Structures are given as structure tokens and as C-alpha cells.
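Listing of start-v7.txt; format and content: compact mmCIF, C-alpha atoms.
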# COMPACT_ATOMS: atom_id res chain seq x y z
CA MET Y 283 -12.21 -11.24 -3.73
CA ALA Y 284 -8.81 -10.20 -5.07
CA LEU Y 285 -6.02 -12.76 -5.33
CA SER Y 286 -3.81 -10.66 -3.03
CA VAL Y 287 -6.47 -10.82 -0.31
CA LEU Y 288 -6.76 -14.60 -0.73
CA VAL Y 289 -2.98 -14.92 -0.37
CA LEU Y 290 -3.18 -12.78 2.78
CA PHE Y 291 -5.92 -15.02 4.17
CA GLY Y 292 -3.65 -18.01 3.51
CA LEU Y 293 -0.77 -16.31 5.33
CA ILE Y 294 -3.04 -15.38 8.25
CA GLY Y 295 -4.33 -18.97 8.43
CA LEU Y 296 -0.82 -20.45 8.38
CA ALA Y 297 0.38 -17.96 10.99
CA ALA Y 298 -2.64 -18.77 13.18
CA VAL Y 299 -1.89 -22.52 13.11
CA LEU Y 300 1.77 -21.93 14.02
CA LEU Y 301 0.81 -19.42 16.73
CA LEU Y 302 -1.51 -21.98 18.31
CA LEU Y 303 1.28 -24.57 18.16
CA LEU Y 304 3.65 -22.16 19.95
CA ALA Y 305 0.98 -21.20 22.49
CA PHE Y 306 0.18 -24.81 23.40
CA ARG Y 307 3.70 -26.23 23.02
CA PRO Y 308 6.14 -23.42 23.88
CA SER Y 309 8.81 -26.07 24.57
CA VAL Y 310 9.35 -26.45 20.80
CA THR Y 311 11.31 -23.17 20.97
CA ARG Y 312 14.10 -24.85 22.99
CA SER Y 313 15.80 -26.25 19.90
CA PRO Y 314 17.58 -23.96 17.40
CA GLU Y 315 14.99 -24.85 14.73
CA GLY Y 316 12.23 -24.03 17.20
CA LYS Y 317 13.76 -20.63 17.86
CA ILE Y 318 13.79 -19.90 14.13
CA LEU Y 319 10.17 -21.10 13.90
CA ALA Y 320 9.20 -18.82 16.80
CA PHE Y 321 10.88 -15.82 15.19
CA MET Y 322 9.23 -16.53 11.83
CA THR Y 323 5.81 -17.03 13.46
CA LEU Y 324 5.88 -14.21 16.00
CA VAL Y 325 7.73 -11.55 13.96
CA VAL Y 326 8.08 -12.27 10.23
CA ALA Y 327 4.64 -13.73 9.41
CA PRO Y 328 2.59 -11.09 11.31
CA GLY Y 329 4.85 -8.36 9.91
CA LEU Y 330 4.21 -9.59 6.37
CA ALA Y 331 0.48 -9.88 7.07
CA LEU Y 332 0.39 -6.29 8.34
CA ALA Y 333 2.39 -4.92 5.39
CA GLY Y 334 0.27 -6.86 2.89
CA GLY Y 335 -2.92 -5.78 4.64
CA ALA Y 336 -1.90 -2.13 4.55
CA MET Y 337 -1.11 -2.34 0.83
CA SER Y 338 -4.36 -4.11 0.07
CA HIS Y 339 -6.48 -1.65 2.07
CA LEU Y 340 -4.68 1.32 0.47
CA ASP Y 341 -5.28 -0.14 -2.98
CA HIS Y 342 -8.97 -0.67 -2.24
CA SER Y 343 -9.28 2.90 -0.95
CA LYS Y 344 -8.31 4.19 -4.42
CA SER Y 345 -11.45 2.73 -5.98
CA THR Y 346 -14.35 4.90 -7.13
CA GLU Y 347 -16.71 2.57 -5.27
CA PHE Y 348 -14.85 3.27 -2.01
CA CYS Y 349 -15.03 7.07 -2.43
CA LEU Y 350 -18.73 7.01 -3.22
CA LYS Y 351 -19.66 4.98 -0.12
CA CYS Y 352 -19.98 8.16 1.94
CA HIS Y 353 -23.35 9.94 1.70
CA VAL Y 354 -21.74 13.32 1.10
CA MET Y 355 -20.11 11.99 -2.08
CA GLU Y 356 -23.35 10.78 -3.71
CA LYS Y 357 -23.83 13.93 -5.80
CA TYR Y 358 -20.23 13.74 -6.98
CA GLY Y 359 -20.77 10.16 -8.11
CA LYS Y 360 -23.91 11.24 -9.93
CA SER Y 361 -22.04 14.09 -11.63
CA LEU Y 362 -19.86 11.53 -13.42
CA HIS Y 363 -22.91 10.45 -15.44
CA VAL Y 364 -24.13 13.89 -16.60
CA ASP Y 365 -24.72 13.94 -20.34
CA ASP Y 366 -23.13 17.35 -20.97
CA LYS Y 367 -19.71 18.14 -22.42
CA GLU Y 368 -19.34 21.13 -20.10
CA PHE Y 369 -19.04 18.83 -17.10
CA LEU Y 370 -15.34 18.14 -16.85
CA ALA Y 371 -15.43 15.15 -14.48
CA ALA Y 372 -18.23 13.52 -16.49
CA GLN Y 373 -16.31 13.91 -19.74
CA HIS Y 374 -13.21 12.35 -18.26
CA TYR Y 375 -15.17 9.48 -16.75
CA GLN Y 376 -17.37 8.71 -19.74
CA ASN Y 377 -14.58 8.89 -22.32
CA ASN Y 378 -12.14 6.75 -20.32
CA ARG Y 379 -9.70 9.65 -19.90
CA VAL Y 380 -9.47 8.31 -16.37
CA PRO Y 381 -9.91 4.64 -15.39
CA ARG Y 382 -13.53 4.37 -14.28
CA ASP Y 383 -12.73 2.18 -11.30
CA HIS Y 384 -10.16 4.72 -10.01
CA ALA Y 385 -11.81 7.91 -11.29
CA CYS Y 386 -11.76 10.00 -8.09
CA PHE Y 387 -8.23 9.06 -7.10
CA THR Y 388 -6.79 9.68 -10.58
CA CYS Y 389 -7.76 13.35 -10.54
CA HIS Y 390 -7.55 14.02 -6.80
CA THR Y 391 -4.16 12.57 -5.93
CA ASP Y 392 -1.07 14.78 -5.95
CA TYR Y 393 1.32 13.99 -8.77
CA ALA Y 394 4.36 14.86 -6.69
CA MET Y 395 6.71 13.13 -4.26
CA PHE Y 396 4.65 11.35 -1.55
CA GLY Y 397 1.52 12.57 -3.34
CA ASP Y 398 -0.28 9.25 -2.89
CA VAL Y 399 0.54 9.28 0.83
CA ARG Y 400 -0.80 12.83 1.19
CA ALA Y 401 -3.93 11.83 -0.74
CA LYS Y 402 -4.50 8.85 1.54
CA LEU Y 403 -3.97 10.95 4.68
CA ARG Y 404 -6.62 13.34 3.36
CA GLY Y 405 -8.84 10.31 2.75
CA LEU Y 406 -8.40 9.15 6.37
CA ARG Y 407 -9.41 12.64 7.47
CA HIS Y 408 -12.52 12.47 5.26
CA VAL Y 409 -13.52 9.08 6.67
CA SER Y 410 -13.01 10.25 10.26
CA VAL Y 411 -15.14 13.37 9.67
CA GLN Y 412 -17.82 11.26 7.99
CA TYR Y 413 -18.12 8.76 10.85
CA PHE Y 414 -16.90 10.57 13.96
CA GLY Y 415 -17.54 14.22 13.14
CA LYS Y 416 -20.05 16.36 11.29
CA PRO Y 417 -19.57 16.37 7.51
CA PRO Y 418 -20.16 19.82 5.98
CA GLN Y 419 -23.22 20.38 3.79
CA LYS Y 420 -21.05 21.52 0.91
CA ILE Y 421 -17.59 20.05 0.55
CA LYS Y 422 -14.66 21.83 -1.04
CA LEU Y 423 -10.99 21.22 -1.76
CA TYR Y 424 -8.49 22.12 0.98
CA THR Y 425 -6.38 24.02 -1.54
CA PRO Y 426 -7.15 25.31 -5.07
CA TYR Y 427 -6.90 22.57 -7.70
CA ASN Y 428 -3.36 22.41 -9.00
CA ASN Y 429 -2.78 22.46 -12.80
CA ARG Y 430 -0.05 19.89 -12.19
CA GLU Y 431 -2.72 17.20 -11.79
CA CYS Y 432 -4.20 18.02 -15.24
CA LEU Y 433 -0.81 18.39 -16.91
CA HIS Y 434 0.29 14.99 -15.60
CA CYS Y 435 -1.79 13.43 -18.40
CA HIS Y 436 -2.49 16.27 -20.83
CA LEU Y 437 0.96 17.81 -21.17
CA GLY Y 438 2.44 16.84 -24.51
CA SER Y 439 -0.79 15.46 -25.93
CA ARG Y 440 -1.61 16.88 -29.35
CA SER Y 441 -5.16 17.96 -28.53
CA PHE Y 442 -3.92 19.89 -25.50
CA GLU Y 443 -0.87 21.48 -27.11
CA GLU Y 444 -2.64 22.49 -30.32
CA SER Y 445 -5.89 23.71 -28.76
CA SER Y 446 -6.53 27.34 -29.70
CA GLY Y 447 -7.98 27.88 -26.23
CA HIS Y 448 -4.62 27.05 -24.70
CA ARG Y 449 -2.73 29.42 -26.98
CA GLY Y 450 -5.07 32.39 -27.12
CA GLU Y 451 -4.51 36.04 -26.29
CA ASP Y 452 -5.78 35.72 -22.71
CA VAL Y 453 -4.26 32.34 -21.90
CA SER Y 454 -0.73 31.33 -22.78
CA MET Y 455 0.71 27.84 -22.57
CA ALA Y 456 3.42 29.16 -20.25
CA ASP Y 457 0.79 30.48 -17.81
CA LEU Y 458 -0.95 27.11 -17.80
CA LYS Y 459 2.26 25.21 -17.23
CA SER Y 460 3.40 27.50 -14.45
CA GLY Y 461 -0.02 27.44 -12.80
CA LYS Y 462 -0.44 31.22 -13.16
CA THR Y 463 -3.73 30.58 -14.94
CA SER Y 464 -5.83 27.79 -13.47
CA CYS Y 465 -7.33 25.21 -15.82
CA LEU Y 466 -10.54 25.68 -13.82
CA SER Y 467 -10.66 29.45 -14.45
CA ALA Y 468 -14.02 31.02 -15.26
CA GLY Y 469 -14.76 30.60 -18.94
CA CYS Y 470 -12.35 27.66 -19.27
CA HIS Y 471 -13.05 24.35 -17.49
CA ASP Y 472 -14.91 25.87 -14.55
CA VAL Y 473 -17.65 23.23 -14.32
CA ALA Y 474 -15.77 20.34 -12.74
CA HIS Y 475 -18.57 18.41 -11.05
CA GLY Y 476 -21.37 21.01 -11.17
CA VAL Y 477 -23.22 19.36 -8.29
CA ASP Y 478 -25.53 22.38 -7.94
CA GLU Y 479 -26.78 21.88 -11.50
CA LEU Y 480 -27.66 18.19 -11.33
CA GLU Y 481 -31.41 18.64 -10.86
CA ASP Y 482 -31.94 19.83 -14.43
CA ALA Y 483 -29.27 17.62 -15.97
CA GLU Y 484 -29.71 14.60 -18.22
CA PHE Y 485 -27.72 11.50 -17.43
CA TRP Y 486 -25.78 8.96 -19.46
CA GLU Y 487 -25.53 5.32 -18.55
CA PRO Y 488 -22.76 3.08 -19.88
CA PRO Y 489 -23.99 0.29 -22.19
CA LYS Y 490 -24.23 -3.05 -20.41
CA MET A 1031 -1.47 -27.09 27.87
CA SER A 1032 -0.24 -29.77 30.25
CA GLU A 1033 3.52 -29.15 29.93
CA PRO A 1034 5.17 -26.93 32.58
CA VAL A 1035 5.37 -23.37 31.39
CA THR A 1036 8.62 -21.44 31.71
CA PRO A 1037 8.65 -17.62 31.94
CA MET A 1038 9.63 -17.49 28.25
CA GLY A 1039 6.84 -19.90 27.37
CA LYS A 1040 4.40 -17.66 29.20
CA ARG A 1041 5.58 -14.64 27.24
CA ILE A 1042 5.33 -16.55 23.95
CA ARG A 1043 1.72 -17.37 24.84
CA ILE A 1044 0.92 -13.74 25.58
CA SER A 1045 2.57 -12.61 22.31
CA ALA A 1046 0.77 -15.31 20.36
CA PHE A 1047 -2.55 -14.25 21.91
CA PHE A 1048 -2.14 -10.61 20.85
CA ILE A 1049 -0.93 -11.53 17.36
CA LEU A 1050 -3.77 -14.01 16.86
CA LEU A 1051 -6.26 -11.36 17.91
CA GLY A 1052 -4.62 -8.82 15.58
CA LEU A 1053 -4.70 -11.24 12.64
CA ALA A 1054 -8.34 -12.10 13.36
CA VAL A 1055 -9.23 -8.39 13.31
CA GLU A 1056 -7.30 -8.02 10.04
CA ALA A 1057 -9.28 -10.87 8.50
CA VAL A 1058 -12.55 -9.25 9.61
CA SER A 1059 -11.45 -5.91 8.13
CA PHE A 1060 -11.13 -7.57 4.71
CA LEU A 1061 -14.65 -8.97 4.90
CA TRP A 1062 -16.16 -5.60 5.86
CA THR A 1063 -16.77 -3.31 2.89
CA SER A 1064 -17.30 -0.07 4.84
CA PRO A 1065 -14.61 2.65 4.63
CA LEU A 1066 -14.34 2.13 8.39
CA ALA A 1067 -12.64 -1.21 7.67
CA PHE A 1068 -9.41 0.67 7.05
CA PHE A 1069 -9.68 2.28 10.48
CA LEU A 1070 -10.36 -1.13 12.01
CA PHE A 1071 -7.29 -2.51 10.27
CA ALA A 1072 -4.95 0.38 11.08
CA ILE A 1073 -6.00 0.96 14.68
CA GLY A 1074 -7.32 -2.44 15.79
CA SER A 1075 -5.24 -4.98 13.92
CA GLY A 1076 -2.11 -2.82 13.68
CA THR A 1077 -2.01 -2.06 17.39
CA LEU A 1078 -2.71 -5.62 18.57
CA THR A 1079 -0.21 -7.22 16.19
CA LEU A 1080 2.53 -4.70 16.97
CA ILE A 1081 1.97 -5.19 20.72
CA GLY A 1082 2.38 -8.95 20.21
CA ILE A 1083 5.54 -8.61 18.10
CA GLY A 1084 7.00 -6.00 20.45
CA PHE A 1085 6.25 -8.10 23.53
CA PHE A 1086 8.02 -11.11 22.01
CA LEU A 1087 11.07 -9.08 20.94
CA LEU A 1088 11.32 -7.47 24.38
CA SER A 1089 11.07 -10.85 26.06
CA LEU A 1090 14.12 -12.01 24.05
CA VAL A 1091 16.28 -9.37 25.74
CA SER A 1092 14.62 -9.63 29.15
CA PRO A 1093 17.20 -10.90 31.71
CA ASP A 1094 14.77 -13.07 33.70
CA VAL A 1095 13.84 -15.21 30.68
CA ALA A 1096 17.21 -15.59 29.07
CA LYS A 1097 16.78 -19.37 28.96
CA PRO A 1098 13.46 -20.85 27.83

Mind turning this structure into C-alpha cells?
Amino acid sequence: MALSVLVLFGLIGLAAVLLLLLAFRPSVTRSPEGKILAFMTLVVAPGLALAGGAMSHLDHSKSTEFCLKCHVMEKYGKSLHVDDKEFLAAQHYQNNRVPRDHACFTCHTDYAMFGDVRAKLRGLRHVSVQYFGKPPQKIKLYTPYNNRECLHCHLGSRSFEESSGHRGEDVSMADLKSGKTSCLSAGCHDVAHGVDELEDAEFWEPPK
Amino acid sequence: MSEPVTPMGKRIRISAFFILLGLAVEAVSFLWTSPLAFFLFAIGSGTLTLIGIGFFLLSLVSPDVAKP
């Protein structure tokens, strides 16, 4: 259990003791110190516990483990272990181009203002469909994948800037940066997860 | 529980009850590993705790309980 969660448990425990004191001895609030205690116990402590809880839950929801809990995501989790350089997500995951414990979130958040909030709202929608609706057989992105998410890390890196594929006759660097040509275009990095090709694939396991 | 309860004391008890319930639900949401735990936290714990806080703050400005 994370230290932040343990601290929250401590805060919840302390607040619970003080709440019980106020509930059984409300007369303590007659003195000025008692009024301050009541305000701290009934407003400040629960407010802090809520804010801390929200942050902790949001942080946990960024983990790869969290994303792969839903049945519909199983194939996508499996695709991270494909032993094939054509599989973009697998290459990023296996070569630590994304942190393995935050792999899904790193590529699927929006690197823009309030991008994390938008990503989490989409996540809430996914969870609600998973548990209270009917998840589709084949899932897809709401909008085409934005080059901005790739460029957030790759822009300026030598391998990206000097790659002949990024400076060819058909693809110019300007088109990639402006989003005119998608990084996932056919013939470029079009196999992101390749979940339809997993049956014949070989898999890599990280050394233990 | 034996001391006489004023209207303010009664409202403090009601607030404390809701907040305690909200905090208990929050604690449970941390022990549950399902993605639904976030829903439990946001809807269950958030609502109960905010009701408790709001009830206490409203009782502070309520004219009938101006003096505890």
C-alpha cells in the first residue's frame, strides 16, 4: 500500500475519533477552542481526506494494471508483449520508451491543457460502459490519434529528427509536426496494437 | 450521550454521522482493487462527506441554532 494511502488512513482515523467525540459530547463546541475543533473536524479534515482520496484514486487509475482490469482490454495488454518490431505499442513498452507501470496512460493522455482531466473523464466513461452498459466487441479511439502525443516525447530526439522515413519525398517533417500526415499512416507506424494479429504472434516476457 | 442535546448539538451529530459514513466508504474504496472503487469513492464517499460538511456549514448560519 502506498505511503499516501497510509497517510490518508491516518487522517481518516483521526477524523473519525474527533467526529465521535463531537457526536457524543457536542457541548465541547461551546468554548472558542471547541468551535475551532468542530470546524477542523467537520470541514477541514473531511475536505482534506476527500481531496487526498481523489488524488490517490486518480493516480492509481493511471496504472497499466488498472487499465487492464477490464476484460475488453485483455488483448491490448497482451499486445504489449508481442515479439515483433512492427508492433508500435510493444516496442515502446518493451524498450522502456514509456514507463511500464503507466504504459497506457502515457500514450493515451492528451498532452494539452487539461489533457489529464479529459483522459480521466474518458476513463470514467469506459468504466461505466464496462460495468453498467454493453462494451463493444471491438473498441476504437473516439478521435483519430493525434501526432501531438507522439511528438511530446519524440520531437527533438536525434533518432526521430534524422530518420530518413521522416524526411522522405512522401513525408515531410513539417507535415508530421502539423499533423497533416498521421504517424499511424499506412506504411508508417500503422500497427499500433495489432490485436487482430495476436493469434500467430510470438511473445516476449521480461526477465525476472 | 447523556448530556442534554441542543439544536446545534443535534445538527453536529447529524453532520458527524454523514461524514463518518463518507470516510468509512472512502476507506473501503482504497481496499477494493476494482476500477469500480473510483466510482464508489466519487459517488458514495464524495456525496456523503459533502452532505455532512454542507449540513454543518448551513447549521452555522441557521437562525434557530445561533447559540449552541

**OP:** Write out as a ChimeraX atom specification the residues lying within 12 Å of Ser1089 (chain A), counting only C-alpha atoms and excluding same-chain residues fewer than 2 positions away.
**Re:** /Y:321,324 /A:1037-1045,1081-1087,1091-1098

**OP:** Please identify every residue of chain Y that has at least one atom no more than 9 Å from any atom of chain A, counting only C-alpha atoms, and report them as a PyMOL selection string.
**Re:** chain Y and resi 287+290-291+294-295+297-298+301-302+304-309+311-312+320-321+323-325+328-329+331-332+335-336+338-340+343+348-349+351-352+406+409-410+413

Subject >> Residue contacts of region 368-381 of chain Y (12 Å, all atoms listed in the file) excluding same-chain residues fewer than 4 positions away, as JSON, numbers by chain >> reply: {"Y": [344, 345, 346, 358, 359, 360, 361, 362, 363, 364, 385, 386, 387, 388, 389, 390, 432, 434, 435, 436, 465, 466, 469, 470, 471, 472, 473, 474, 475, 476, 477, 478, 479, 480, 483, 484, 485, 486, 487, 488, 489]}

I'd like the box whose edges run along x, y and z of the file and which contains every listed atom of region 404-422 of chain Y, padded by 5 Å per side; could you state its centre and edge lengths in Å, one decimal, as lines of an AutoDock Vina configuration file?
center_x = -14.9
center_y = 15.3
center_z = 6.5
size_x = 26.6
size_y = 23.1
size_z = 25.0

Original post:
Which of these residues is nearest to Pro418 (chain Y), using only C-alpha atoms: Y:Arg400, Y:Ala327, Y:Ala333, Y:Met355?
Top reply: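 Among the listed residues, Y:Met355 lies closest to Pro418 (chain Y).
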
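The interatomic distance for the pair CA of Arg430 (chain Y) and CA of Thr391 (chain Y) works out to 10.5 Å.
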
**OP:** May I ask for the distance between CA of Lys422 (chain Y) and CA of Glu356 (chain Y), given in Å to one decimal place?
**Re:** 14.3 Å

**OP:** Grab the CA of Asp366 (chain Y) to CA of Val453 (chain Y) distance for me, in Å with one decimal place.
**Re:**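 These atoms are spaced 24.1 Å apart.
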
Subject >> Near-Lys462 (chain Y) list (10 Å; all atoms listed in the file; drop same-chain fewer than 4 positions) as a list in words >> reply: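 Close residues of Lys462 (chain Y): Asn429, Val453, Ser454, Ala456, Asp457 and Leu458 of chain Y.
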
Output of the above residues as a PDB file, keeping the file's coordinate frame, restricted to C-alpha atoms:
ATOM      1  CA  ASN Y 429      -2.780  22.460 -12.800  1.00  0.00           C
ATOM      2  CA  VAL Y 453      -4.260  32.340 -21.900  1.00  0.00           C
ATOM      3  CA  SER Y 454      -0.730  31.330 -22.780  1.00  0.00           C
ATOM      4  CA  ALA Y 456       3.420  29.160 -20.250  1.00  0.00           C
ATOM      5  CA  ASP Y 457       0.790  30.480 -17.810  1.00  0.00           C
ATOM      6  CA  LEU Y 458      -0.950  27.110 -17.800  1.00  0.00           C
TER       7      LEU Y 458
END
